[in-house]
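Peer 1: For reference, this is run.pdb, and it has PDB, C-alpha atoms and all ligand atoms.
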ATOM      1  CA  MET A 576      60.120 -53.288 134.576  1.00  0.00           C
ATOM      2  CA  THR A 577      61.751 -53.023 131.121  1.00  0.00           C
ATOM      3  CA  ILE A 578      63.253 -56.293 129.949  1.00  0.00           C
ATOM      4  CA  SER A 579      66.640 -56.289 128.235  1.00  0.00           C
ATOM      5  CA  ILE A 580      67.343 -59.342 126.137  1.00  0.00           C
ATOM      6  CA  ILE A 581      70.990 -60.308 125.878  1.00  0.00           C
ATOM      7  CA  GLN A 582      72.957 -63.013 124.085  1.00  0.00           C
ATOM      8  CA  HIS A 583      73.322 -66.273 126.076  1.00  0.00           C
ATOM      9  CA  GLN A 584      76.722 -67.982 126.105  1.00  0.00           C
ATOM     10  CA  LEU A 585      75.301 -70.515 123.586  1.00  0.00           C
ATOM     11  CA  GLN A 586      74.891 -69.135 120.053  1.00  0.00           C
ATOM     12  CA  GLY A 587      71.356 -68.382 118.876  1.00  0.00           C
ATOM     13  CA  ILE A 588      69.978 -68.380 122.429  1.00  0.00           C
ATOM     14  CA  PHE A 589      69.094 -65.311 124.460  1.00  0.00           C
ATOM     15  CA  THR A 590      68.369 -64.559 128.074  1.00  0.00           C
ATOM     16  CA  SER A 591      66.892 -61.687 130.025  1.00  0.00           C
ATOM     17  CA  ASN A 592      68.216 -59.794 132.996  1.00  0.00           C
ATOM     18  CA  ASP A 593      64.837 -58.815 134.391  1.00  0.00           C
ATOM     19  CA  GLY A 594      65.596 -60.217 137.834  1.00  0.00           C
ATOM     20  CA  ARG A 595      63.497 -63.342 137.404  1.00  0.00           C
ATOM     21  CA  LYS A 596      65.158 -66.750 137.554  1.00  0.00           C
ATOM     22  CA  GLN A 597      66.847 -67.706 134.284  1.00  0.00           C
ATOM     23  CA  VAL A 598      64.563 -66.881 131.353  1.00  0.00           C
ATOM     24  CA  LEU A 599      65.588 -68.180 127.954  1.00  0.00           C
ATOM     25  CA  TYR A 600      64.475 -67.005 124.520  1.00  0.00           C
ATOM     26  CA  THR A 601      65.038 -67.701 120.873  1.00  0.00           C
ATOM     27  CA  ARG A 602      64.525 -65.161 118.093  1.00  0.00           C
ATOM     28  CA  ASN A 603      61.182 -65.939 116.464  1.00  0.00           C
ATOM     29  CA  LEU A 604      61.701 -67.143 112.896  1.00  0.00           C
ATOM     30  CA  VAL A 605      58.049 -66.364 112.138  1.00  0.00           C
ATOM     31  CA  PRO A 606      57.137 -63.184 114.048  1.00  0.00           C
ATOM     32  CA  GLY A 607      53.640 -63.090 115.473  1.00  0.00           C
ATOM     33  CA  ILE A 608      53.251 -66.876 115.540  1.00  0.00           C
ATOM     34  CA  GLN A 609      53.321 -68.916 118.757  1.00  0.00           C
ATOM     35  CA  VAL A 610      53.801 -72.687 118.809  1.00  0.00           C
ATOM     36  CA  TYR A 611      52.677 -73.708 122.300  1.00  0.00           C
ATOM     37  CA  GLY A 612      51.243 -70.566 123.844  1.00  0.00           C
ATOM     38  CA  GLU A 613      54.669 -69.195 124.783  1.00  0.00           C
ATOM     39  CA  LYS A 614      55.175 -65.471 125.449  1.00  0.00           C
ATOM     40  CA  LEU A 615      56.323 -63.301 122.547  1.00  0.00           C
ATOM     41  CA  ILE A 616      58.469 -60.295 123.408  1.00  0.00           C
ATOM     42  CA  LYS A 617      59.612 -57.436 121.168  1.00  0.00           C
ATOM     43  CA  TYR A 618      63.077 -56.071 121.845  1.00  0.00           C
ATOM     44  CA  GLY A 619      65.443 -54.026 119.680  1.00  0.00           C
ATOM     45  CA  GLY A 620      63.275 -54.428 116.593  1.00  0.00           C
ATOM     46  CA  GLU A 621      63.192 -58.238 116.887  1.00  0.00           C
ATOM     47  CA  GLU A 622      60.651 -60.657 118.301  1.00  0.00           C
ATOM     48  CA  TYR A 623      61.698 -63.317 120.800  1.00  0.00           C
ATOM     49  CA  ARG A 624      59.861 -66.444 122.014  1.00  0.00           C
ATOM     50  CA  GLU A 625      60.173 -67.314 125.689  1.00  0.00           C
ATOM     51  CA  TRP A 626      61.452 -70.892 126.050  1.00  0.00           C
ATOM     52  CA  ASP A 627      59.480 -72.734 128.738  1.00  0.00           C
ATOM     53  CA  VAL A 628      62.176 -74.944 130.234  1.00  0.00           C
ATOM     54  CA  ARG A 629      59.561 -76.954 132.140  1.00  0.00           C
ATOM     55  CA  LYS A 630      58.161 -78.144 128.816  1.00  0.00           C
ATOM     56  CA  SER A 631      61.452 -78.837 127.080  1.00  0.00           C
ATOM     57  CA  LYS A 632      64.310 -81.158 128.037  1.00  0.00           C
ATOM     58  CA  LEU A 633      66.707 -79.233 125.837  1.00  0.00           C
ATOM     59  CA  GLY A 634      65.602 -75.991 127.489  1.00  0.00           C
ATOM     60  CA  ALA A 635      66.000 -77.621 130.919  1.00  0.00           C
ATOM     61  CA  ALA A 636      69.566 -78.735 130.112  1.00  0.00           C
ATOM     62  CA  ILE A 637      70.449 -75.180 129.025  1.00  0.00           C
ATOM     63  CA  ALA A 638      68.874 -73.780 132.194  1.00  0.00           C
ATOM     64  CA  LYS A 639      70.999 -76.290 134.147  1.00  0.00           C
ATOM     65  CA  GLY A 640      74.126 -74.815 132.521  1.00  0.00           C
ATOM     66  CA  ILE A 641      75.050 -77.401 129.880  1.00  0.00           C
ATOM     67  CA  SER A 642      78.286 -76.153 128.334  1.00  0.00           C
ATOM     68  CA  GLN A 643      77.648 -77.087 124.697  1.00  0.00           C
ATOM     69  CA  ILE A 644      74.740 -78.232 122.530  1.00  0.00           C
ATOM     70  CA  GLY A 645      76.333 -78.036 119.093  1.00  0.00           C
ATOM     71  CA  ILE A 646      73.153 -76.437 117.695  1.00  0.00           C
ATOM     72  CA  LYS A 647      73.887 -73.002 116.245  1.00  0.00           C
ATOM     73  CA  PRO A 648      72.829 -70.778 113.345  1.00  0.00           C
ATOM     74  CA  GLY A 649      73.187 -72.763 110.116  1.00  0.00           C
ATOM     75  CA  SER A 650      73.202 -76.240 111.734  1.00  0.00           C
ATOM     76  CA  LEU A 651      71.469 -79.203 110.124  1.00  0.00           C
ATOM     77  CA  VAL A 652      69.660 -81.064 112.909  1.00  0.00           C
ATOM     78  CA  LEU A 653      67.973 -84.457 112.975  1.00  0.00           C
ATOM     79  CA  TYR A 654      65.385 -84.231 115.775  1.00  0.00           C
ATOM     80  CA  LEU A 655      64.039 -87.621 116.896  1.00  0.00           C
ATOM     81  CA  GLY A 656      60.826 -87.449 118.933  1.00  0.00           C
ATOM     82  CA  CYS A 657      59.666 -83.998 117.862  1.00  0.00           C
ATOM     83  CA  ALA A 658      56.099 -84.461 119.222  1.00  0.00           C
ATOM     84  CA  SER A 659      54.088 -81.313 118.446  1.00  0.00           C
ATOM     85  CA  GLY A 660      57.219 -79.194 118.072  1.00  0.00           C
ATOM     86  CA  THR A 661      57.662 -77.424 121.414  1.00  0.00           C
ATOM     87  CA  SER A 662      61.460 -77.804 121.564  1.00  0.00           C
ATOM     88  CA  ALA A 663      61.954 -78.484 117.862  1.00  0.00           C
ATOM     89  CA  SER A 664      60.514 -75.032 117.071  1.00  0.00           C
ATOM     90  CA  HIS A 665      63.149 -73.402 119.303  1.00  0.00           C
ATOM     91  CA  VAL A 666      65.798 -75.447 117.476  1.00  0.00           C
ATOM     92  CA  SER A 667      64.303 -74.112 114.229  1.00  0.00           C
ATOM     93  CA  ASP A 668      64.673 -70.542 115.582  1.00  0.00           C
ATOM     94  CA  ILE A 669      68.310 -71.182 116.528  1.00  0.00           C
ATOM     95  CA  VAL A 670      69.423 -72.725 113.225  1.00  0.00           C
ATOM     96  CA  GLY A 671      67.553 -70.091 111.179  1.00  0.00           C
ATOM     97  CA  MET A 672      67.027 -70.135 107.433  1.00  0.00           C
ATOM     98  CA  GLU A 673      70.625 -71.228 106.759  1.00  0.00           C
ATOM     99  CA  GLY A 674      69.978 -74.422 108.726  1.00  0.00           C
ATOM    100  CA  ALA A 675      67.324 -77.143 108.774  1.00  0.00           C
ATOM    101  CA  VAL A 676      65.486 -79.393 111.216  1.00  0.00           C
ATOM    102  CA  PHE A 677      64.418 -82.885 110.157  1.00  0.00           C
ATOM    103  CA  ALA A 678      61.624 -83.567 112.653  1.00  0.00           C
ATOM    104  CA  VAL A 679      60.818 -87.258 113.166  1.00  0.00           C
ATOM    105  CA  ASP A 680      58.020 -88.765 115.237  1.00  0.00           C
ATOM    106  CA  VAL A 681      56.281 -92.136 115.164  1.00  0.00           C
ATOM    107  CA  ALA A 682      52.888 -90.846 116.363  1.00  0.00           C
ATOM    108  CA  PRO A 683      50.533 -89.681 113.588  1.00  0.00           C
ATOM    109  CA  ARG A 684      48.782 -87.413 116.110  1.00  0.00           C
ATOM    110  CA  SER A 685      52.040 -85.545 116.849  1.00  0.00           C
ATOM    111  CA  LEU A 686      52.838 -85.259 113.188  1.00  0.00           C
ATOM    112  CA  ARG A 687      49.391 -83.785 112.528  1.00  0.00           C
ATOM    113  CA  ASP A 688      50.135 -81.101 115.132  1.00  0.00           C
ATOM    114  CA  ILE A 689      53.585 -80.306 113.805  1.00  0.00           C
ATOM    115  CA  VAL A 690      52.576 -79.996 110.134  1.00  0.00           C
ATOM    116  CA  PRO A 691      51.247 -76.400 110.502  1.00  0.00           C
ATOM    117  CA  VAL A 692      54.350 -75.508 112.543  1.00  0.00           C
ATOM    118  CA  CYS A 693      56.538 -76.768 109.684  1.00  0.00           C
ATOM    119  CA  ALA A 694      54.352 -75.042 107.092  1.00  0.00           C
ATOM    120  CA  ALA A 695      55.087 -71.709 108.771  1.00  0.00           C
ATOM    121  CA  ARG A 696      58.768 -72.505 109.377  1.00  0.00           C
ATOM    122  CA  LYS A 697      60.423 -73.145 106.052  1.00  0.00           C
ATOM    123  CA  ASN A 698      63.507 -74.730 107.676  1.00  0.00           C
ATOM    124  CA  MET A 699      61.600 -77.615 109.315  1.00  0.00           C
ATOM    125  CA  SER A 700      60.366 -80.782 107.672  1.00  0.00           C
ATOM    126  CA  PRO A 701      58.074 -83.333 109.363  1.00  0.00           C
ATOM    127  CA  ILE A 702      58.799 -87.050 108.974  1.00  0.00           C
ATOM    128  CA  LEU A 703      56.387 -89.731 110.176  1.00  0.00           C
ATOM    129  CA  ALA A 704      58.678 -92.642 111.020  1.00  0.00           C
ATOM    130  CA  ASP A 705      59.913 -95.001 113.711  1.00  0.00           C
ATOM    131  CA  ALA A 706      63.431 -94.008 114.802  1.00  0.00           C
ATOM    132  CA  HIS A 707      64.251 -97.703 115.282  1.00  0.00           C
ATOM    133  CA  TYR A 708      64.498 -97.900 111.482  1.00  0.00           C
ATOM    134  CA  PRO A 709      66.590 -94.965 110.205  1.00  0.00           C
ATOM    135  CA  GLY A 710      66.939 -96.613 106.805  1.00  0.00           C
ATOM    136  CA  GLN A 711      63.256 -95.869 106.227  1.00  0.00           C
ATOM    137  CA  TYR A 712      63.811 -92.096 106.255  1.00  0.00           C
ATOM    138  CA  ALA A 713      67.382 -91.955 104.946  1.00  0.00           C
ATOM    139  CA  HIS A 714      66.117 -90.579 101.623  1.00  0.00           C
ATOM    140  CA  ARG A 715      64.599 -87.584 103.459  1.00  0.00           C
ATOM    141  CA  VAL A 716      67.504 -86.622 105.747  1.00  0.00           C
ATOM    142  CA  LEU A 717      70.913 -85.072 104.950  1.00  0.00           C
ATOM    143  CA  GLN A 718      74.162 -85.675 106.841  1.00  0.00           C
ATOM    144  CA  CYS A 719      73.660 -83.612 109.979  1.00  0.00           C
ATOM    145  CA  ASP A 720      75.755 -81.494 112.342  1.00  0.00           C
ATOM    146  CA  VAL A 721      73.565 -82.562 115.269  1.00  0.00           C
ATOM    147  CA  VAL A 722      71.336 -85.517 116.153  1.00  0.00           C
ATOM    148  CA  PHE A 723      68.964 -84.756 119.036  1.00  0.00           C
ATOM    149  CA  GLN A 724      66.860 -87.539 120.547  1.00  0.00           C
ATOM    150  CA  ASP A 725      64.025 -87.378 123.071  1.00  0.00           C
ATOM    151  CA  ILE A 726      62.027 -90.579 122.828  1.00  0.00           C
ATOM    152  CA  ALA A 727      60.774 -92.767 125.645  1.00  0.00           C
ATOM    153  CA  GLN A 728      61.863 -96.230 124.534  1.00  0.00           C
ATOM    154  CA  LYS A 729      63.566 -99.047 126.420  1.00  0.00           C
ATOM    155  CA  ASP A 730      66.378 -99.178 123.842  1.00  0.00           C
ATOM    156  CA  GLN A 731      66.949 -95.396 123.686  1.00  0.00           C
ATOM    157  CA  ALA A 732      70.741 -95.719 123.533  1.00  0.00           C
ATOM    158  CA  GLU A 733      70.697 -98.238 120.672  1.00  0.00           C
ATOM    159  CA  ILE A 734      68.262 -96.100 118.637  1.00  0.00           C
ATOM    160  CA  PHE A 735      70.486 -93.068 119.212  1.00  0.00           C
ATOM    161  CA  LEU A 736      73.673 -94.871 118.136  1.00  0.00           C
ATOM    162  CA  ARG A 737      72.000 -96.266 115.028  1.00  0.00           C
ATOM    163  CA  ASN A 738      70.863 -92.791 113.931  1.00  0.00           C
ATOM    164  CA  CYS A 739      74.207 -91.144 114.755  1.00  0.00           C
ATOM    165  CA  LYS A 740      75.996 -93.815 112.726  1.00  0.00           C
ATOM    166  CA  LEU A 741      73.868 -93.092 109.670  1.00  0.00           C
ATOM    167  CA  PHE A 742      73.209 -89.362 109.837  1.00  0.00           C
ATOM    168  CA  LEU A 743      75.786 -87.627 112.055  1.00  0.00           C
ATOM    169  CA  GLN A 744      78.891 -86.300 110.398  1.00  0.00           C
ATOM    170  CA  LYS A 745      82.346 -86.792 111.963  1.00  0.00           C
ATOM    171  CA  GLY A 746      82.884 -84.250 114.746  1.00  0.00           C
ATOM    172  CA  GLY A 747      79.112 -83.664 114.950  1.00  0.00           C
ATOM    173  CA  PHE A 748      77.183 -83.493 118.220  1.00  0.00           C
ATOM    174  CA  GLY A 749      74.730 -86.114 119.456  1.00  0.00           C
ATOM    175  CA  LEU A 750      72.316 -85.010 122.196  1.00  0.00           C
ATOM    176  CA  LEU A 751      70.512 -87.784 124.021  1.00  0.00           C
ATOM    177  CA  SER A 752      67.768 -87.135 126.550  1.00  0.00           C
ATOM    178  CA  VAL A 753      67.458 -90.290 128.648  1.00  0.00           C
ATOM    179  CA  LYS A 754      64.258 -91.128 130.481  1.00  0.00           C
ATOM    180  CA  ALA A 755      65.287 -93.678 133.099  1.00  0.00           C
ATOM    181  CA  LYS A 756      61.795 -95.009 133.785  1.00  0.00           C
ATOM    182  CA  SER A 757      61.351 -96.032 130.148  1.00  0.00           C
ATOM    183  CA  ILE A 758      64.442 -98.234 130.322  1.00  0.00           C
ATOM    184  CA  ASP A 759      63.563 -99.977 133.591  1.00  0.00           C
ATOM    185  CA  ILE A 760      61.033 -98.676 136.110  1.00  0.00           C
ATOM    186  CA  THR A 761      62.500-100.852 138.894  1.00  0.00           C
ATOM    187  CA  LYS A 762      66.122 -99.627 138.678  1.00  0.00           C
ATOM    188  CA  ASN A 763      67.809 -96.615 140.210  1.00  0.00           C
ATOM    189  CA  PRO A 764      67.914 -93.821 137.557  1.00  0.00           C
ATOM    190  CA  LYS A 765      71.562 -93.029 138.387  1.00  0.00           C
ATOM    191  CA  HIS A 766      72.515 -96.631 137.644  1.00  0.00           C
ATOM    192  CA  LEU A 767      70.615 -96.520 134.336  1.00  0.00           C
ATOM    193  CA  PHE A 768      72.257 -93.221 133.331  1.00  0.00           C
ATOM    194  CA  GLU A 769      75.643 -94.819 134.015  1.00  0.00           C
ATOM    195  CA  MET A 770      74.696 -97.840 131.875  1.00  0.00           C
ATOM    196  CA  VAL A 771      73.709 -95.578 128.970  1.00  0.00           C
ATOM    197  CA  LYS A 772      76.918 -93.580 129.417  1.00  0.00           C
ATOM    198  CA  GLN A 773      79.070 -96.713 129.232  1.00  0.00           C
ATOM    199  CA  LYS A 774      77.209 -98.004 126.171  1.00  0.00           C
ATOM    200  CA  VAL A 775      77.454 -94.780 124.137  1.00  0.00           C
ATOM    201  CA  GLU A 776      81.009 -94.039 125.326  1.00  0.00           C
ATOM    202  CA  LYS A 777      82.243 -97.018 123.318  1.00  0.00           C
ATOM    203  CA  GLU A 778      81.407 -95.115 120.121  1.00  0.00           C
ATOM    204  CA  MET A 779      81.326 -91.423 121.000  1.00  0.00           C
ATOM    205  CA  VAL A 780      83.150 -88.919 123.202  1.00  0.00           C
ATOM    206  CA  LEU A 781      81.219 -87.494 126.149  1.00  0.00           C
ATOM    207  CA  VAL A 782      81.224 -83.682 126.127  1.00  0.00           C
ATOM    208  CA  ASP A 783      78.864 -82.895 129.008  1.00  0.00           C
ATOM    209  CA  HIS A 784      75.729 -84.097 130.766  1.00  0.00           C
ATOM    210  CA  ARG A 785      73.078 -82.706 133.098  1.00  0.00           C
ATOM    211  CA  ASN A 786      70.506 -84.306 135.347  1.00  0.00           C
ATOM    212  CA  LEU A 787      67.325 -82.368 134.480  1.00  0.00           C
ATOM    213  CA  GLU A 788      65.844 -82.087 137.980  1.00  0.00           C
ATOM    214  CA  PRO A 789      63.961 -80.069 139.158  1.00  0.00           C
ATOM    215  CA  PHE A 790      62.511 -79.484 135.673  1.00  0.00           C
ATOM    216  CA  GLU A 791      62.126 -83.203 134.813  1.00  0.00           C
ATOM    217  CA  GLN A 792      62.298 -86.128 137.222  1.00  0.00           C
ATOM    218  CA  ASP A 793      64.629 -89.046 136.375  1.00  0.00           C
ATOM    219  CA  HIS A 794      65.900 -87.552 133.126  1.00  0.00           C
ATOM    220  CA  CYS A 795      69.464 -86.857 132.071  1.00  0.00           C
ATOM    221  CA  LEU A 796      70.648 -85.094 128.920  1.00  0.00           C
ATOM    222  CA  PHE A 797      73.983 -86.223 127.488  1.00  0.00           C
ATOM    223  CA  VAL A 798      76.002 -84.340 124.874  1.00  0.00           C
ATOM    224  CA  TRP A 799      78.363 -86.500 122.796  1.00  0.00           C
ATOM    225  CA  LYS A 800      80.760 -85.814 119.943  1.00  0.00           C
ATOM    226  CA  LYS A 801      81.234 -88.228 117.065  1.00  0.00           C
ATOM    227  CA  ARG A 802      84.855 -89.324 116.620  1.00  0.00           C
TER     228      ARG A 802
HETATM  229  C1  LIG B 901      58.599 -86.684 125.354  1.00  0.00           C
HETATM  230  S1  LIG B 901      57.939 -86.603 123.762  1.00  0.00           S
HETATM  231  C2  LIG B 901      59.029 -85.469 122.942  1.00  0.00           C
HETATM  232  C3  LIG B 901      58.880 -84.043 123.353  1.00  0.00           C
HETATM  233  C4  LIG B 901      59.675 -83.110 122.457  1.00  0.00           C
HETATM  234  N1  LIG B 901      61.038 -83.554 122.321  1.00  0.00           N
HETATM  235  C5  LIG B 901      59.691 -81.687 122.966  1.00  0.00           C
HETATM  236  O1  LIG B 901      60.515 -81.369 123.842  1.00  0.00           O
HETATM  237  O2  LIG B 901      58.928 -80.864 122.478  1.00  0.00           O
HETATM  238  C6  LIG B 901      58.482 -88.121 123.074  1.00  0.00           C
HETATM  239  C7  LIG B 901      58.077 -88.307 121.623  1.00  0.00           C
HETATM  240  O3  LIG B 901      58.767 -89.445 121.113  1.00  0.00           O
HETATM  241  C8  LIG B 901      57.954 -90.091 120.174  1.00  0.00           C
HETATM  242  N2  LIG B 901      58.456 -91.455 119.961  1.00  0.00           N
HETATM  243  C9  LIG B 901      58.402 -92.513 120.806  1.00  0.00           C
HETATM  244  N3  LIG B 901      58.954 -93.606 120.239  1.00  0.00           N
HETATM  245  C10 LIG B 901      59.403 -93.217 119.023  1.00  0.00           C
HETATM  246  C11 LIG B 901      60.066 -93.876 117.969  1.00  0.00           C
HETATM  247  N4  LIG B 901      60.386 -95.181 118.069  1.00  0.00           N
HETATM  248  N5  LIG B 901      60.372 -93.189 116.860  1.00  0.00           N
HETATM  249  C12 LIG B 901      60.053 -91.875 116.744  1.00  0.00           C
HETATM  250  N6  LIG B 901      59.398 -91.188 117.709  1.00  0.00           N
HETATM  251  C13 LIG B 901      59.089 -91.834 118.835  1.00  0.00           C
HETATM  252  C14 LIG B 901      56.571 -90.018 120.819  1.00  0.00           C
HETATM  253  O4  LIG B 901      55.556 -90.193 119.851  1.00  0.00           O
HETATM  254  C15 LIG B 901      56.603 -88.635 121.455  1.00  0.00           C
HETATM  255  O5  LIG B 901      55.999 -87.676 120.602  1.00  0.00           O
END
I need this file expressed as structure tokens, please.
Peer 2:
Amino acid sequence: MTISIIQHQLQGIFTSNDGRKQVLYTRNLVPGIQVYGEKLIKYGGEEYREWDVRKSKLGAAIAKGISQIGIKPGSLVLYLGCASGTSASHVSDIVGMEGAVFAVDVAPRSLRDIVPVCAARKNMSPILADAHYPGQYAHRVLQCDVVFQDIAQKDQAEIFLRNCKLFLQKGGFGLLSVKAKSIDITKNPKHLFEMVKQKVEKEMVLVDHRNLEPFEQDHCLFVWKKR
């Protein structure tokens, strides 16, 4: 069957109508190069990378129909918890060469893996740092349109607020992927999501949220807007 790739409702994201369940793509910024073994597809003179939503919380939230992510061509994005770049590379595709991705991770091993990804993608820069201490990388990050966070820490909400305060411009979007089990393994995830919601709501406006099941157990992705 011939696949037709069409624009998704979110800018910079594409989908196919090949009859399979929702398949997402981004236009490959560096044609011919894969990041995590994803499928590459040529269509209309362009190359697209299939976005494996089972390996990406951002991809899962889009597959679950999140209405807004704020990330679009030209956006400056601070990405906290980039790991080896699975999702961050799709963000890099979306923002394109007019945008930039500041990719932060605390684990040297992850940073080692993402360095070649960033070398190939001129809009991505790797930063080895602990997101608890945004002051330590402030000299390497610009004011951003979007702060995205996916890190498994007990104080995920506090880390997120601290980074949004420093790096997110007014009216910018903050995307927080919450892993309930990292906050408290004994508590009901729904209760923990509500606690996070109430904490962040004091400083930011909730735009949308999605529970990420069946792609990820006990995870919720919140989209906030800075007042
Ligand atoms: C679930 S993985 C991120 C996966 C990635 N977002 C993706 O979709 O491709 C979580 C990452 O957060 C990083 N991390 C955990 N605590 C951190 C901290 N305090 N500061 C920065 N990164 C942290 C871990 O090293 C790990 O690579």
Peer 1: Excluding same-chain residues fewer than 3 positions from segment 656-669 of chain A, what lies within 9 Å of it counting all atoms listed in the file, as a VMD selection string?
Peer 2: chain A and resid 586 to 588 600 to 605 610 to 611 624 626 to 627 630 to 634 646 to 650 652 672 674 to 676 678 to 682 684 to 690 692 to 693 696 698 to 699 701 706 723 to 727
Peer 1: I would like the residues chosen by the PyMOL selection byres (((chain A and resi 597) around 12) and not hetatm) on the shown file; could you give them as a list of chain:residue names?
Peer 2: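 Here the PyMOL selection byres (((chain A and resi 597) around 12) and not hetatm) matches A:Ile580, A:Ile581, A:His583, A:Phe589, A:Thr590, A:Ser591, A:Asn592, A:Asp593, A:Gly594, A:Arg595, A:Lys596, A:Val598, A:Leu599, A:Tyr600, A:Glu625, A:Trp626, A:Asp627, A:Val628, A:Arg629, A:Gly634, A:Ala635, A:Ile637, A:Ala638, A:Lys639, A:Gly640.
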Peer 1: Excluding Ala755 of chain A and residues on its chain fewer than 4 positions from it, collect all residues at most 10 Å away from it, counting all atoms listed in the file, and give them as an NGL selection string.
Peer 2: :A and (727-729 or 731 or 759-768 or 771 or 792-795)
Peer 1: Might you spell out which residues the PyMOL selection byres (((chain A and resi 778) around 9) and not hetatm) would select in the displayed file, as a ChimeraX atom specification?
Peer 2: /A:736,774-777,779-780,801-802
Peer 1: Could you write out the selected residues, including C-alpha atoms, as a PDB file, in the coordinates of the input?
Peer 2:
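Output (out.pdb):
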ATOM      1  CA  LEU A 736      73.673 -94.871 118.136  1.00  0.00           C
ATOM      2  CA  LYS A 774      77.209 -98.004 126.171  1.00  0.00           C
ATOM      3  CA  VAL A 775      77.454 -94.780 124.137  1.00  0.00           C
ATOM      4  CA  GLU A 776      81.009 -94.039 125.326  1.00  0.00           C
ATOM      5  CA  LYS A 777      82.243 -97.018 123.318  1.00  0.00           C
ATOM      6  CA  MET A 779      81.326 -91.423 121.000  1.00  0.00           C
ATOM      7  CA  VAL A 780      83.150 -88.919 123.202  1.00  0.00           C
ATOM      8  CA  LYS A 801      81.234 -88.228 117.065  1.00  0.00           C
ATOM      9  CA  ARG A 802      84.855 -89.324 116.620  1.00  0.00           C
TER      10      ARG A 802
END
Peer 1: Give the answer as one residue: which of A:Gly746, A:Pro683, A:Pro789, A:Gly645 has the shortest atom-to-atom distance to ligand LIG 901 (chain B), using only C-alpha atoms and all ligand atoms?
Peer 2: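 When distances to ligand LIG 901 (chain B) are compared using only C-alpha atoms and all ligand atoms, the smallest one comes from A:Pro683.
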Peer 1: What is the distance, in Å and to one decimal place, between atom CA of Ile641 of chain A and atom CA of Leu743 of chain A?
Peer 2: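 Atom-to-atom, atom CA of Ile641 of chain A to atom CA of Leu743 of chain A, that is 20.6 Å.
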Peer 1: Neighbouring residues of Val798 of chain A were defined as those with any atom within 6 Å, considering all atoms listed in the file; residues of the same chain fewer than 6 positions away were excluded. Please report them as number ranges by chain.
Peer 2: A: 749-750, 782-784
Peer 1: Separation of atom CA of Asp730 of chain A and atom CA of Ser642 of chain A, in Å?
Peer 2: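 Here the two named atoms are 26.3 Å from each other.
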Peer 1: Return the single residue from A:Lys617, A:Lys740, A:Lys754, A:Lys697 that is closest to ligand LIG 901 (chain B), with distances computed using only C-alpha atoms and all ligand atoms.
Peer 2: A:Lys754
Peer 1: What is the atom CA of Arg785 of chain A to atom C13 of ligand LIG 901 (chain B) distance in Å?
Peer 2: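 These atoms are spaced 22.0 Å apart.
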Peer 1: Hey, which of A:Gly747, A:Gly612, A:Gln643, A:Phe677 ends up closest to His714 of chain A? Count all atoms listed in the file.
Peer 2: A:Phe677
Peer 1: Extending 4 Å beyond the listed atoms of ligand LIG 901 (chain B) on each side, what axis-aligned box results? I want centre and edge lengths in Å to one decimal, as lines of an AutoDock Vina configuration file.
Peer 2:
center_x = 58.3
center_y = -88.0
center_z = 121.0
size_x = 13.5
size_y = 22.3
size_z = 16.6
